[in-house]
file work-v6.cif (mmCIF, C-alpha atoms)
data_my_file
loop_
_atom_site.label_atom_id
_atom_site.label_comp_id
_atom_site.auth_asym_id
_atom_site.auth_seq_id
_atom_site.Cartn_x
_atom_site.Cartn_y
_atom_site.Cartn_z
CA MET A 520 -33.05 13.79 -10.84
CA SER A 521 -29.77 13.55 -12.68
CA GLU A 522 -29.88 9.75 -12.95
CA ASP A 523 -28.14 9.82 -16.31
CA ARG A 524 -25.02 11.31 -14.78
CA GLU A 525 -21.98 9.06 -14.51
CA LEU A 526 -18.71 9.19 -12.66
CA SER A 527 -15.93 10.26 -15.01
CA ASP A 528 -13.57 7.43 -15.94
CA ILE A 529 -10.79 8.72 -13.71
CA GLU A 530 -13.14 9.19 -10.76
CA ALA A 531 -14.75 5.77 -11.27
CA LEU A 532 -11.29 4.19 -11.21
CA ALA A 533 -10.36 6.21 -8.10
CA ALA A 534 -13.55 5.15 -6.33
CA GLU A 535 -13.12 1.51 -7.34
CA HIS A 536 -9.52 1.56 -6.15
CA ALA A 537 -10.53 3.04 -2.79
CA LEU A 538 -13.36 0.50 -2.51
CA GLY A 539 -10.89 -2.29 -3.35
CA VAL A 540 -12.79 -4.09 -6.11
CA LEU A 541 -10.17 -3.93 -8.85
CA SER A 542 -8.44 -7.05 -10.15
CA ALA A 543 -4.74 -7.45 -9.39
CA PRO A 544 -3.40 -5.89 -12.64
CA ASP A 545 -5.92 -3.01 -12.53
CA ARG A 546 -5.07 -2.42 -8.90
CA ALA A 547 -1.35 -2.32 -9.61
CA THR A 548 -1.91 0.02 -12.56
CA ALA A 549 -3.90 2.29 -10.25
CA GLU A 550 -1.04 2.18 -7.69
CA LEU A 551 1.37 3.33 -10.38
CA ARG A 552 -0.96 6.15 -11.38
CA LEU A 553 -1.24 7.12 -7.71
CA ALA A 554 2.51 7.48 -7.58
CA ARG A 555 2.69 9.75 -10.60
CA GLU A 556 -0.64 11.61 -10.95
CA PRO A 557 -1.48 14.04 -8.17
CA ALA A 558 -5.02 14.57 -9.54
CA PHE A 559 -5.76 10.86 -9.43
CA SER A 560 -4.15 10.56 -6.03
CA ALA A 561 -6.38 13.35 -4.69
CA LEU A 562 -9.51 11.61 -6.00
CA VAL A 563 -8.52 8.31 -4.39
CA GLU A 564 -7.86 10.15 -1.13
CA GLU A 565 -11.33 11.75 -1.27
CA TRP A 566 -12.95 8.37 -1.82
CA ARG A 567 -10.97 6.80 1.01
CA VAL A 568 -12.24 9.50 3.33
CA ARG A 569 -15.81 8.95 2.08
CA LEU A 570 -15.70 5.18 2.55
CA ALA A 571 -13.54 4.83 5.67
CA PRO A 572 -16.46 5.39 8.09
CA MET A 573 -17.71 1.93 7.11
CA LEU A 574 -14.81 0.69 9.23
CA TRP A 575 -16.10 2.46 12.34
CA SER A 576 -18.82 -0.15 12.67
CA VAL A 577 -16.38 -3.06 12.77
CA ALA A 578 -16.23 -4.56 16.26
CA GLU A 579 -13.16 -3.73 18.33
CA ILE A 580 -11.08 -6.72 19.37
CA SER A 581 -8.05 -6.33 21.63
CA PRO A 582 -4.87 -7.82 20.19
CA PRO A 583 -2.80 -10.06 22.49
CA ASP A 584 -0.68 -8.19 25.07
CA ALA A 585 2.58 -9.48 23.66
CA LEU A 586 1.99 -7.77 20.32
CA TRP A 587 3.05 -4.34 21.53
CA GLN A 588 6.42 -5.74 22.67
CA ARG A 589 6.83 -7.34 19.26
CA ILE A 590 6.12 -4.04 17.55
CA GLU A 591 8.45 -2.10 19.84
CA ARG A 592 11.27 -4.56 19.24
CA GLY A 593 10.80 -4.17 15.51
CA LEU A 594 11.02 -0.38 15.51
CA PRO A 595 14.03 0.89 13.59
CA ALA A 596 15.94 3.89 14.78
CA ASN A 597 13.93 6.88 13.68
CA ASP A 598 14.67 7.54 10.05
CA ASN A 599 12.53 10.59 9.47
CA ALA A 600 15.46 12.95 9.94
CA GLY A 601 16.09 13.52 6.24
CA LYS A 602 12.73 15.15 5.55
CA GLY A 603 12.55 17.79 2.87
CA VAL A 604 15.28 16.34 0.71
CA GLN A 605 14.44 14.77 -2.60
CA PHE A 606 12.15 11.78 -2.76
CA TRP A 607 14.83 9.25 -3.53
CA ARG A 608 17.01 10.52 -0.73
CA ARG A 609 14.10 9.88 1.56
CA ALA A 610 13.94 6.30 0.37
CA THR A 611 12.97 4.21 3.30
CA ILE A 612 15.24 2.20 5.50
CA GLY A 613 14.06 -1.38 5.36
CA SER A 614 12.09 -1.83 8.53
CA LEU A 615 9.02 -3.71 7.40
CA GLY A 616 9.15 -7.41 6.96
CA LEU A 617 9.13 -8.09 3.26
CA ALA A 618 6.22 -10.11 2.00
CA ALA A 619 7.42 -13.66 2.40
CA ALA A 620 6.99 -14.40 -1.29
CA SER A 621 9.04 -11.45 -2.47
CA LEU A 622 11.79 -12.11 0.03
CA ALA A 623 11.94 -15.69 -1.13
CA ALA A 624 12.14 -14.51 -4.74
CA VAL A 625 15.16 -12.35 -4.06
CA ALA A 626 16.79 -14.93 -1.83
CA MET A 627 16.47 -17.36 -4.72
CA LEU A 628 17.93 -14.87 -7.14
CA ALA A 629 20.74 -14.14 -4.76
CA VAL A 630 21.75 -17.78 -4.52
CA GLN A 631 21.52 -18.36 -8.27
CA ARG A 632 25.20 -17.77 -8.61
CA PRO A 633 26.99 -18.81 -11.73
CA THR A 634 28.67 -22.18 -11.42
CA ILE A 635 32.11 -20.65 -10.97
CA ILE A 636 33.45 -21.17 -7.50
CA VAL A 637 32.95 -18.22 -5.21
CA SER A 638 36.27 -16.99 -3.91
CA PRO A 639 36.22 -17.83 -0.21
CA GLU A 640 37.77 -14.55 0.98
CA ARG A 641 34.71 -12.56 -0.19
CA ALA A 642 32.08 -12.67 2.50
CA PRO A 643 28.59 -13.37 1.15
CA THR A 644 27.29 -10.52 3.29
CA SER A 645 28.64 -8.02 0.76
CA ILE A 646 25.26 -8.31 -0.99
CA LEU A 647 23.19 -5.16 -0.67
CA ASN A 648 19.42 -5.23 -0.62
CA ALA A 649 16.78 -2.69 -1.53
CA ARG A 650 13.06 -2.65 -1.33
CA LEU A 651 11.62 -0.15 -3.78
CA ASP A 652 8.47 1.55 -2.50
CA THR A 653 6.20 4.23 -3.84
CA GLU A 654 6.07 7.47 -1.92
CA LYS A 655 2.93 6.11 -0.27
CA GLY A 656 4.73 3.02 0.95
CA GLN A 657 3.50 0.44 -1.53
CA HIS A 658 6.21 -2.16 -2.23
CA LEU A 659 6.66 -2.48 -5.99
CA PHE A 660 10.09 -4.06 -6.44
CA VAL A 661 12.65 -5.92 -4.37
CA ALA A 662 16.28 -5.98 -5.42
CA ALA A 663 19.71 -7.18 -4.37
CA TYR A 664 23.07 -5.99 -5.66
CA ASP A 665 25.80 -8.60 -5.70
CA PRO A 666 29.25 -6.98 -6.03
CA ASP A 667 30.79 -10.38 -6.86
CA ARG A 668 28.57 -10.83 -9.87
CA ARG A 669 28.36 -7.11 -10.57
CA ALA A 670 24.65 -7.48 -11.12
CA VAL A 671 21.38 -6.27 -9.69
CA MET A 672 18.84 -9.02 -9.20
CA ILE A 673 15.43 -7.42 -9.16
CA SER A 674 11.86 -8.71 -8.92
CA SER A 675 8.82 -6.77 -10.04
CA LEU A 676 5.96 -7.43 -7.61
CA LEU A 677 3.46 -6.05 -10.11
CA PRO A 678 1.06 -8.62 -11.50
CA ALA A 679 1.40 -9.52 -15.18
CA GLY A 680 -0.59 -7.19 -17.38
CA THR A 681 0.04 -4.09 -15.26
CA ASP A 682 0.44 -0.80 -17.06
CA PRO A 683 0.82 -2.05 -20.65
CA GLY A 684 2.26 0.62 -22.91
CA HIS A 685 5.04 1.65 -20.52
CA VAL A 686 8.37 0.18 -19.52
CA HIS A 687 9.92 0.26 -16.07
CA GLU A 688 13.48 1.54 -16.17
CA LEU A 689 15.90 0.84 -13.33
CA TRP A 690 18.28 3.57 -12.15
CA LEU A 691 21.21 3.57 -9.82
CA ILE A 692 21.38 6.79 -7.81
CA PRO A 693 24.83 6.93 -6.24
CA ALA A 694 26.06 9.35 -3.60
CA ASP A 695 26.44 12.14 -6.21
CA GLY A 696 22.67 12.08 -6.76
CA LYS A 697 22.90 11.64 -10.55
CA PRO A 698 20.79 8.76 -11.79
CA ARG A 699 22.47 6.18 -14.05
CA ALA A 700 20.33 3.92 -16.24
CA LEU A 701 20.83 0.20 -15.55
CA GLY A 702 18.18 -1.49 -17.68
CA PHE A 703 14.55 -2.55 -17.77
CA VAL A 704 12.47 -4.63 -15.39
CA PRO A 705 9.64 -6.58 -17.01
CA VAL A 706 6.31 -6.52 -15.15
CA GLY A 707 5.92 -9.45 -12.76
CA ALA A 708 9.33 -10.92 -13.59
CA SER A 709 12.69 -11.35 -11.90
CA VAL A 710 15.81 -10.43 -13.83
CA ALA A 711 19.54 -10.04 -13.27
CA ILE A 712 20.85 -6.79 -14.72
CA PRO A 713 24.63 -6.47 -15.13
CA VAL A 714 26.23 -3.32 -13.76
CA SER A 715 29.23 -2.11 -15.72
CA GLU A 716 32.56 -0.98 -14.27
CA PRO A 717 32.24 2.72 -13.39
CA MET A 718 28.78 2.20 -11.92
CA ALA A 719 29.66 -0.95 -10.02
CA ASP A 720 31.97 1.11 -7.79
CA MET A 721 29.15 3.51 -7.00
CA ALA A 722 26.74 0.80 -5.86
CA ASP A 723 27.31 1.08 -2.13
CA GLU A 724 25.32 1.88 0.98
CA LYS A 725 25.17 5.54 0.00
CA ALA A 726 23.31 4.65 -3.18
CA ALA A 727 19.67 3.98 -3.97
CA LEU A 728 17.82 2.19 -6.73
CA ALA A 729 14.83 3.79 -8.43
CA ILE A 730 12.30 2.85 -11.07
CA SER A 731 10.85 5.31 -13.56
CA VAL A 732 7.90 4.70 -15.85
CA GLU A 733 8.94 5.40 -19.43
CA ALA A 734 7.63 5.13 -22.97
CA PRO A 735 8.81 1.97 -24.76
CA GLY A 736 12.52 2.26 -25.43
CA GLY A 737 13.18 4.00 -22.16
CA SER A 738 14.32 7.50 -21.28
CA GLN A 739 16.13 9.26 -24.09
CA LYS A 740 18.07 11.56 -21.79
CA ASP A 741 20.63 11.16 -19.02
CA GLY A 742 18.09 10.83 -16.24
CA PRO A 743 14.49 9.62 -16.03
CA THR A 744 12.04 11.27 -18.45
CA GLY A 745 8.94 9.77 -16.90
CA PRO A 746 7.95 9.88 -13.23
CA VAL A 747 9.98 8.02 -10.63
CA VAL A 748 7.45 5.69 -9.01
CA ALA A 749 9.53 3.68 -6.57
CA VAL A 750 12.79 4.17 -4.70
CA GLY A 751 14.80 2.16 -2.20
CA LYS A 752 18.18 2.54 -0.54
CA LEU A 753 20.81 -0.16 -0.88
CA LEU A 754 21.31 -1.69 2.54
CA LYS A 755 23.24 -4.53 4.08
CA ILE A 756 20.83 -6.94 5.71
CA MET B 46 -2.15 22.57 11.85
CA THR B 47 -4.24 19.93 13.53
CA ALA B 48 -7.98 19.47 13.54
CA PRO B 49 -9.26 20.73 16.91
CA ASN B 50 -11.65 17.80 17.32
CA ASP B 51 -9.16 15.06 16.45
CA PRO B 52 -7.66 13.98 19.78
CA LEU B 53 -5.11 11.78 18.07
CA ALA B 54 -3.70 14.44 15.75
CA ASP B 55 -1.13 15.69 18.28
CA LEU B 56 0.47 12.27 18.46
CA LEU B 57 1.50 12.11 14.81
CA PRO B 58 4.12 14.88 14.83
CA ARG B 59 5.60 13.32 17.99
CA ILE B 60 5.75 9.92 16.33
CA ALA B 61 7.37 11.50 13.28
CA GLY B 62 9.98 12.92 15.65
CA GLY B 63 10.82 9.45 16.95
CA ASP B 64 8.81 9.47 20.20
CA ARG B 65 8.07 5.80 21.01
CA GLY B 66 5.82 6.80 23.90
CA ALA B 67 3.55 8.61 21.44
CA LEU B 68 3.37 5.53 19.24
CA ARG B 69 2.46 3.51 22.29
CA LEU B 70 -0.36 5.93 23.16
CA LEU B 71 -1.66 5.69 19.61
CA TYR B 72 -1.44 1.90 19.82
CA GLN B 73 -3.38 1.87 23.09
CA ALA B 74 -6.08 4.09 21.65
CA THR B 75 -6.49 2.41 18.29
CA SER B 76 -5.12 -1.15 18.20
CA ALA B 77 -8.42 -2.83 19.13
CA LYS B 78 -10.18 -1.04 16.29
CA LEU B 79 -7.44 -1.83 13.76
CA PHE B 80 -7.16 -5.45 14.94
CA GLY B 81 -10.92 -5.73 14.43
CA VAL B 82 -10.52 -4.42 10.88
CA CYS B 83 -7.70 -6.90 10.12
CA LEU B 84 -9.66 -9.81 11.59
CA ARG B 85 -12.78 -8.81 9.71
CA ILE B 86 -10.86 -8.98 6.43
CA LEU B 87 -8.57 -11.93 7.16
CA SER B 88 -10.59 -14.08 9.61
CA ASN B 89 -7.27 -15.35 10.95
CA ARG B 90 -5.61 -14.24 14.19
CA ASP B 91 -1.98 -15.02 13.32
CA GLU B 92 -2.16 -13.20 10.02
CA SER B 93 -4.01 -10.30 11.61
CA GLU B 94 -1.29 -9.96 14.25
CA ASP B 95 1.41 -9.88 11.57
CA VAL B 96 -0.50 -7.27 9.62
CA LEU B 97 -1.14 -5.18 12.73
CA GLN B 98 2.58 -5.15 13.47
CA GLU B 99 3.28 -4.00 9.91
CA VAL B 100 0.64 -1.30 10.25
CA TYR B 101 2.21 0.29 13.34
CA LEU B 102 5.68 0.07 11.80
CA THR B 103 4.30 1.81 8.73
CA ILE B 104 2.79 4.52 10.93
CA TRP B 105 6.16 4.88 12.68
CA ARG B 106 7.99 5.36 9.41
CA ARG B 107 5.38 7.48 7.67
CA ALA B 108 3.95 9.65 10.42
CA ASP B 109 5.59 12.64 8.74
CA ARG B 110 3.40 12.08 5.68
CA PHE B 111 0.17 12.52 7.60
CA GLU B 112 -1.66 15.68 6.55
CA ALA B 113 -4.11 16.74 9.23
CA GLY B 114 -6.22 18.80 6.81
CA ARG B 115 -7.01 15.90 4.50
CA ALA B 116 -8.23 13.15 6.79
CA SER B 117 -8.53 12.32 10.46
CA VAL B 118 -5.87 10.15 12.08
CA MET B 119 -8.43 7.34 12.43
CA THR B 120 -9.21 7.50 8.71
CA TRP B 121 -5.53 7.51 7.80
CA ILE B 122 -4.50 4.61 10.00
CA SER B 123 -7.62 2.51 9.35
CA THR B 124 -6.97 2.88 5.63
CA ILE B 125 -3.41 1.65 6.13
CA ALA B 126 -4.72 -1.32 8.15
CA ARG B 127 -7.38 -2.18 5.61
CA ASN B 128 -4.96 -1.94 2.67
CA ARG B 129 -2.33 -4.08 4.36
CA ALA B 130 -4.91 -6.69 5.34
CA ILE B 131 -6.22 -6.78 1.78
CA ASP B 132 -2.65 -7.15 0.44
CA ARG B 133 -2.29 -10.16 2.71
CA LEU B 134 -5.67 -11.54 1.67
CA ARG B 135 -4.85 -11.21 -2.02
CA ALA B 136 -1.54 -12.98 -1.48
CA ARG B 137 -3.55 -16.11 -0.65
CA GLY B 138 -4.70 -16.39 -4.24
CA PRO B 139 -7.17 -14.89 -6.69
CA LEU B 140 -10.33 -16.53 -5.41
CA ALA B 141 -9.39 -17.13 -1.79
CA TYR B 142 -11.98 -14.59 -0.77
CA ALA B 143 -14.79 -15.93 -2.94
CA GLU B 144 -15.64 -19.02 -0.95
CA GLN B 145 -18.64 -17.69 0.89
CA VAL B 146 -21.32 -17.91 -1.77
CA ASP B 147 -24.67 -17.63 -0.03
CA ASP B 148 -25.56 -14.78 2.23
CA MET B 149 -23.46 -11.68 2.44
CA GLU B 150 -23.39 -10.16 5.82
CA ILE B 151 -24.23 -6.55 6.54
CA ALA B 152 -22.38 -4.83 9.34
CA ASP B 153 -24.81 -3.33 11.77
CA GLY B 154 -23.33 0.15 11.63
CA ALA B 155 -24.25 0.74 15.24
CA THR B 156 -21.04 1.45 17.12
CA GLY B 157 -18.94 4.54 16.72
CA ALA B 158 -15.17 4.56 17.03
CA ASP B 159 -14.03 5.32 20.55
CA GLY B 160 -16.61 8.02 20.94
CA LEU B 161 -14.69 10.28 18.59
CA LEU B 162 -17.25 12.84 17.53
CA GLU B 163 -15.91 13.14 14.01
CA ALA B 164 -15.96 9.40 13.55
CA VAL B 165 -19.47 9.04 14.91
CA GLN B 166 -20.81 11.81 12.70
CA SER B 167 -19.12 10.64 9.52
CA GLY B 168 -20.18 7.07 10.27
CA GLU B 169 -23.78 8.17 10.67
CA ALA B 170 -23.74 10.21 7.48
CA LEU B 171 -22.28 7.37 5.43
CA GLY B 172 -24.59 4.81 7.06
CA LYS B 173 -27.61 6.93 6.19
CA CYS B 174 -26.48 7.38 2.58
CA LEU B 175 -25.74 3.67 2.21
CA SER B 176 -29.19 2.84 3.50
CA GLU B 177 -30.70 5.06 0.79
CA LEU B 178 -29.28 2.71 -1.84
CA ASP B 179 -31.26 -0.34 -2.84
CA ASP B 180 -30.53 -3.31 -0.57
CA ARG B 181 -28.54 -5.24 -3.12
CA THR B 182 -26.22 -2.33 -3.96
CA GLU B 183 -25.73 -1.52 -0.28
CA LYS B 184 -24.76 -5.14 0.40
CA VAL B 185 -22.37 -5.27 -2.52
CA ILE B 186 -20.58 -2.05 -1.54
CA ARG B 187 -20.34 -2.97 2.14
CA THR B 188 -19.12 -6.47 1.36
CA ALA B 189 -16.54 -5.21 -1.14
CA PHE B 190 -15.17 -2.70 1.33
CA LEU B 191 -15.26 -4.73 4.54
CA GLU B 192 -14.10 -8.02 3.11
CA GLY B 193 -11.73 -6.89 0.39
CA VAL B 194 -13.69 -8.62 -2.35
CA THR B 195 -12.93 -7.84 -6.01
CA TYR B 196 -15.44 -7.43 -8.85
CA GLU B 197 -14.52 -10.90 -10.09
CA ALA B 198 -15.13 -12.51 -6.72
CA LEU B 199 -18.37 -10.58 -6.22
CA ALA B 200 -19.61 -11.73 -9.63
CA HIS B 201 -18.62 -15.28 -8.71
CA ARG B 202 -20.33 -15.12 -5.34
CA MET B 203 -23.53 -13.70 -6.73
CA ALA B 204 -23.50 -15.74 -9.95
CA THR B 205 -24.00 -12.49 -11.84
CA PRO B 206 -22.10 -11.23 -14.91
CA LEU B 207 -19.10 -9.06 -14.11
CA GLY B 208 -20.42 -6.12 -16.14
CA THR B 209 -23.68 -6.11 -14.18
CA VAL B 210 -21.92 -6.08 -10.82
CA LYS B 211 -19.67 -3.27 -12.05
CA SER B 212 -22.58 -1.12 -13.10
CA TRP B 213 -24.37 -1.69 -9.77
CA VAL B 214 -21.28 -0.60 -7.90
CA ARG B 215 -20.54 2.41 -10.10
CA ARG B 216 -24.12 3.64 -9.92
CA GLY B 217 -24.12 3.06 -6.17
CA LEU B 218 -20.89 5.02 -5.71
CA LEU B 219 -22.26 7.91 -7.76
CA LYS B 220 -25.42 8.05 -5.62
CA LEU B 221 -23.37 7.79 -2.48
CA LYS B 222 -21.24 10.74 -3.51
CA GLY B 223 -24.34 12.80 -4.32
CA CYS B 224 -25.93 11.90 -0.98
CA LEU B 225 -22.80 12.73 1.04
CA GLU B 226 -22.55 16.12 -0.66
CA ARG B 227 -26.10 17.08 0.29
#
call {"tool": "encode", "arguments": {"input": "work-v6.cif", "output": "C-alpha cells"}}
result
Amino acid sequence: MSEDRELSDIEALAAEHALGVLSAPDRATAELRLAREPAFSALVEEWRVRLAPMLWSVAEISPPDALWQRIERGLPANDNAGKGVQFWRRATIGSLGLAAASLAAVAMLAVQRPTIIVSPERAPTSILNARLDTEKGQHLFVAAYDPDRRAVMISSLLPAGTDPGHVHELWLIPADGKPRALGFVPVGASVAIPVSEPMADMADEKAALAISVEAPGGSQKDGPTGPVVAVGKLLKI
Amino acid sequence: MTAPNDPLADLLPRIAGGDRGALRLLYQATSAKLFGVCLRILSNRDESEDVLQEVYLTIWRRADRFEAGRASVMTWISTIARNRAIDRLRARGPLAYAEQVDDMEIADGATGADGLLEAVQSGEALGKCLSELDDRTEKVIRTAFLEGVTYEALAHRMATPLGTVKSWVRRGLLKLKGCLER
C-alpha cells in the first residue's frame, strides 16, 4: 500500500477548494488562482466532478410555482452574441442581483459626494456601474464611475489577507480596446480612484473595467503584465 | 459534441442561443434537485429561492461556457447551485454554520438523480469509495461538502485541533481519489 503518498500541494488545495473547506481568504486566493492558472483550474474541475455525486443523494424538493415566473422576468436579453471575442469584450451584462452587501457598499460610495453642491442640471443617473467577475462568474469587485466627480469608486469583495504578495491594478478599457491604468485596489477595501482628463472622456457605456494581478508596484508596461482576473462592462443602471 | 447518455446536454447550446423554452425545460427537469441542494446548505426557504433564481440566471448567461466533455450538465449546474448557496451561507458570518455541535448527519446516499444513468453510476461509485474510508473521515468529508462547512468550523464542531481535521480530510481525499481510479 502506498500509504505514505500525499496529494501534491497544488492538488490538495484544488481538492480542498472543491470540497469547500477553505477559510475565506484561502478561498478567495484559490478563486484568483482559478482565474489565472489553467492547470489549477483543471484540477479543481476534476475534483468537482469527483465530489459532485454526493449531491445526487440530496432529497429533491419542488420550489414554489411562482419561482419560474420570477426567474423568467429576470432574464436579460440574450447577451451571448459576442462569443469568441476577447475576454474583456465578453464582460457580462449585469443581470444577476448583486450581493446585497456589495451593492450597499457601492451605493454608499456613490452618495459620498464631496460637500460641493451638485449642479442640478446633471442628472444623477449619469453614474455608470460595473460588476467585475472572473471568467467563471465569481464576483470579485463592484465599481461605479461618476462623471461628475471624475472618479471610479470600487470595492474589492475579497476578504482581507487574500493573495498577499500581489497588487490588484484597475484598468479602463475604452472602445479602442487599449487598457489604461487607473490605480490600485486594496484587498477588501473600497476606494475612490480619480480618472484624469483624456481617460474620463473614454469612460462610457462602450468601456469596461478590468483588474489584473501584478507584482508590487504594478505593471511596468502600457497594459497589464499579469493575468486579467476580473472584467465588467460599464452600464447605466 | 455532447455525451450520448446525458439527456440534458442538448439543452445547453439552445440556452446559449437565447432559447427561453430550453431554459424552462432544464428548470423543470432539475429545479427540485437544485432547490434540495440549496435548502440542504442554507436550511432557509427564502434564501434558497433567491439562490435558485441566481443559479438559473447564471446558467442563462453562461450556458456557452459549458463543455460537454468535461462534466455532465447535472454536475455543472449542481456545482453552480452548491457554490452560490455556500456564498450565501458564508455571507451570514464566519461561524454561522458551526452551530450544530453534536451529531453530524450522514446522507443516506440511496436515491439517484432523476434516473440519469450517469448520475446513478457515479453516485454509486463515490458512495462505495466513501464507505471504504473510516467512519469519522467519511462523516467529515460528507458534512464539509453537503453543508458548506470550513476547516475552522469543523474543528470547532468536533472540538479537535485544526491541523488534525486537515490531515484527516487530506488523507481521506487521497484515498478517495485512489479508490475512484481503481
call {"tool": "residues_around", "arguments": {"input": "work-v6.cif", "residues": "range 214-216 of chain B", "least_positions_apart": "4", "cutoff": "9 Å", "atoms": "only C-alpha atoms", "output": "list in words"}}
result
Glu522, Glu525, Leu526, Ala531, Ala534 and Glu535 of chain A; Thr182, Glu183, Val185, Ile186, Thr209, Val210, Lys220 and Leu221 of chain B
call {"tool": "atom_distance", "arguments": {"input": "work-v6.cif", "atom1": "CA of Pro746 in chain A", "atom2": "CA of Ser731 in chain A"}}
result
5.4 Å
call {"tool": "closest_atom_pairs", "arguments": {"input": "work-v6.cif", "of": "chain A", "to": "chain B", "cutoff": "7 Å", "atoms": "all atoms listed in the file", "output": "Markdown table"}}
result
| residue | atom | partner | partner_atom | distance |
| --- | --- | --- | --- | --- |
| A:Glu525 | CA | B:Leu219 | CA | 6.9 |
| A:Leu526 | CA | B:Leu219 | CA | 6.2 |
| A:Ala531 | CA | B:Arg215 | CA | 6.8 |
| A:Leu538 | CA | B:Phe190 | CA | 5.3 |
| A:Gly539 | CA | B:Gly193 | CA | 6.0 |
| A:Val540 | CA | B:Thr195 | CA | 3.8 |
| A:Leu541 | CA | B:Thr195 | CA | 5.6 |
| A:Ser542 | CA | B:Thr195 | CA | 6.2 |
| A:Val568 | CA | B:Ala116 | CA | 6.4 |
| A:Ala571 | CA | B:Thr120 | CA | 5.9 |
| A:Pro572 | CA | B:Gly168 | CA | 4.6 |
| A:Met573 | CA | B:Gly168 | CA | 6.5 |
| A:Leu574 | CA | B:Val82 | CA | 6.9 |
| A:Trp575 | CA | B:Ala158 | CA | 5.2 |
| A:Ser576 | CA | B:Gly154 | CA | 4.6 |
| A:Val577 | CA | B:Gly81 | CA | 6.3 |
| A:Ala578 | CA | B:Gly81 | CA | 5.7 |
| A:Glu579 | CA | B:Lys78 | CA | 4.5 |
| A:Ile580 | CA | B:Ala77 | CA | 4.7 |
| A:Ser581 | CA | B:Ala77 | CA | 4.3 |
| A:Pro582 | CA | B:Phe80 | CA | 6.2 |
| A:Ile590 | CA | B:Gln98 | CA | 5.5 |
| A:Leu594 | CA | B:Leu102 | CA | 6.5 |
| A:Asn597 | CA | B:Gly63 | CA | 5.2 |
| A:Asn599 | CA | B:Ala61 | CA | 6.5 |
| A:Leu615 | CA | B:Glu99 | CA | 6.3 |
call {"tool": "atom_distance", "arguments": {"input": "work-v6.cif", "atom1": "CA of Glu724 in chain A", "atom2": "CA of Pro58 in chain B"}}
result
28.5 Å
call {"tool": "atom_distance", "arguments": {"input": "work-v6.cif", "atom1": "CA of Pro743 in chain A", "atom2": "CA of Ala670 in chain A"}}
result
20.5 Å
call {"tool": "resolve_selection", "arguments": {"input": "work-v6.cif", "expression": "the PyMOL selection byres ((chain A and resi 671-675) around 6)", "output": "PyMOL selection string"}}
result
chain A and resi 660-664+670+676-677+706-712
call {"tool": "closest_residue", "arguments": {"input": "work-v6.cif", "among": "B:Leu134, B:Pro206, B:Asp51, B:Cys224", "to": "Leu87 in chain B", "atoms": "all atoms listed in the file"}}
result
B:Leu134
call {"tool": "residues_around", "arguments": {"input": "work-v6.cif", "residues": "Gly736 in chain A", "least_positions_apart": "6", "cutoff": "10 Å", "atoms": "all atoms listed in the file", "output": "VMD selection string"}}
result
chain A and resid 685 to 688 703
call {"tool": "resolve_selection", "arguments": {"input": "work-v6.cif", "expression": "the PyMOL selection byres ((chain A and resi 756) around 8)", "output": "number ranges by chain"}}
result
A: 644, 647-648, 754-755
call {"tool": "write_last_selection", "arguments": {"input": "work-v6.cif", "atoms": "C-alpha atoms", "output": "mmCIF file, keeping the file's coordinate frame"}}
result
data_model
loop_
_atom_site.group_PDB
_atom_site.id
_atom_site.type_symbol
_atom_site.label_atom_id
_atom_site.label_comp_id
_atom_site.auth_asym_id
_atom_site.auth_seq_id
_atom_site.Cartn_x
_atom_site.Cartn_y
_atom_site.Cartn_z
ATOM 1 C CA THR A 644 27.290 -10.520 3.290
ATOM 2 C CA LEU A 647 23.190 -5.160 -0.670
ATOM 3 C CA ASN A 648 19.420 -5.230 -0.620
ATOM 4 C CA LEU A 754 21.310 -1.690 2.540
ATOM 5 C CA LYS A 755 23.240 -4.530 4.080
#
call {"tool": "decode", "arguments": {"input": "work-v6.cif", "residues": "range 191-201 of chain B", "atoms": "N, CA and C atoms", "output": "PDB file, in the first residue's frame"}}
result
ATOM      1  N   LEU B 191     -21.649  18.744   1.957  1.00  0.00           N
ATOM      2  CA  LEU B 191     -23.097  18.947   1.878  1.00  0.00           C
ATOM      3  C   LEU B 191     -23.583  20.119   2.712  1.00  0.00           C
ATOM      4  N   GLU B 192     -22.765  20.586   3.633  1.00  0.00           N
ATOM      5  CA  GLU B 192     -23.220  21.696   4.462  1.00  0.00           C
ATOM      6  C   GLU B 192     -22.351  22.930   4.315  1.00  0.00           C
ATOM      7  N   GLY B 193     -21.336  22.855   3.473  1.00  0.00           N
ATOM      8  CA  GLY B 193     -20.505  24.025   3.240  1.00  0.00           C
ATOM      9  C   GLY B 193     -19.724  24.445   4.475  1.00  0.00           C
ATOM     10  N   VAL B 194     -19.194  23.473   5.192  1.00  0.00           N
ATOM     11  CA  VAL B 194     -18.514  23.767   6.456  1.00  0.00           C
ATOM     12  C   VAL B 194     -17.005  23.868   6.233  1.00  0.00           C
ATOM     13  N   THR B 195     -16.385  24.915   6.757  1.00  0.00           N
ATOM     14  CA  THR B 195     -14.938  25.093   6.584  1.00  0.00           C
ATOM     15  C   THR B 195     -14.160  24.254   7.605  1.00  0.00           C
ATOM     16  N   TYR B 196     -12.851  24.157   7.357  1.00  0.00           N
ATOM     17  CA  TYR B 196     -11.956  23.502   8.329  1.00  0.00           C
ATOM     18  C   TYR B 196     -12.150  24.072   9.728  1.00  0.00           C
ATOM     19  N   GLU B 197     -12.172  25.417   9.805  1.00  0.00           N
ATOM     20  CA  GLU B 197     -12.289  26.057  11.121  1.00  0.00           C
ATOM     21  C   GLU B 197     -13.563  25.613  11.826  1.00  0.00           C
ATOM     22  N   ALA B 198     -14.680  25.635  11.068  1.00  0.00           N
ATOM     23  CA  ALA B 198     -15.949  25.281  11.691  1.00  0.00           C
ATOM     24  C   ALA B 198     -15.989  23.794  12.047  1.00  0.00           C
ATOM     25  N   LEU B 199     -15.383  22.960  11.195  1.00  0.00           N
ATOM     26  CA  LEU B 199     -15.329  21.524  11.510  1.00  0.00           C
ATOM     27  C   LEU B 199     -14.554  21.305  12.802  1.00  0.00           C
ATOM     28  N   ALA B 200     -13.400  21.979  12.912  1.00  0.00           N
ATOM     29  CA  ALA B 200     -12.563  21.837  14.104  1.00  0.00           C
ATOM     30  C   ALA B 200     -13.346  22.274  15.339  1.00  0.00           C
ATOM     31  N   HIS B 201     -14.097  23.368  15.178  1.00  0.00           N
ATOM     32  CA  HIS B 201     -14.910  23.901  16.255  1.00  0.00           C
ATOM     33  C   HIS B 201     -16.001  22.916  16.647  1.00  0.00           C
TER      34      HIS B 201
END
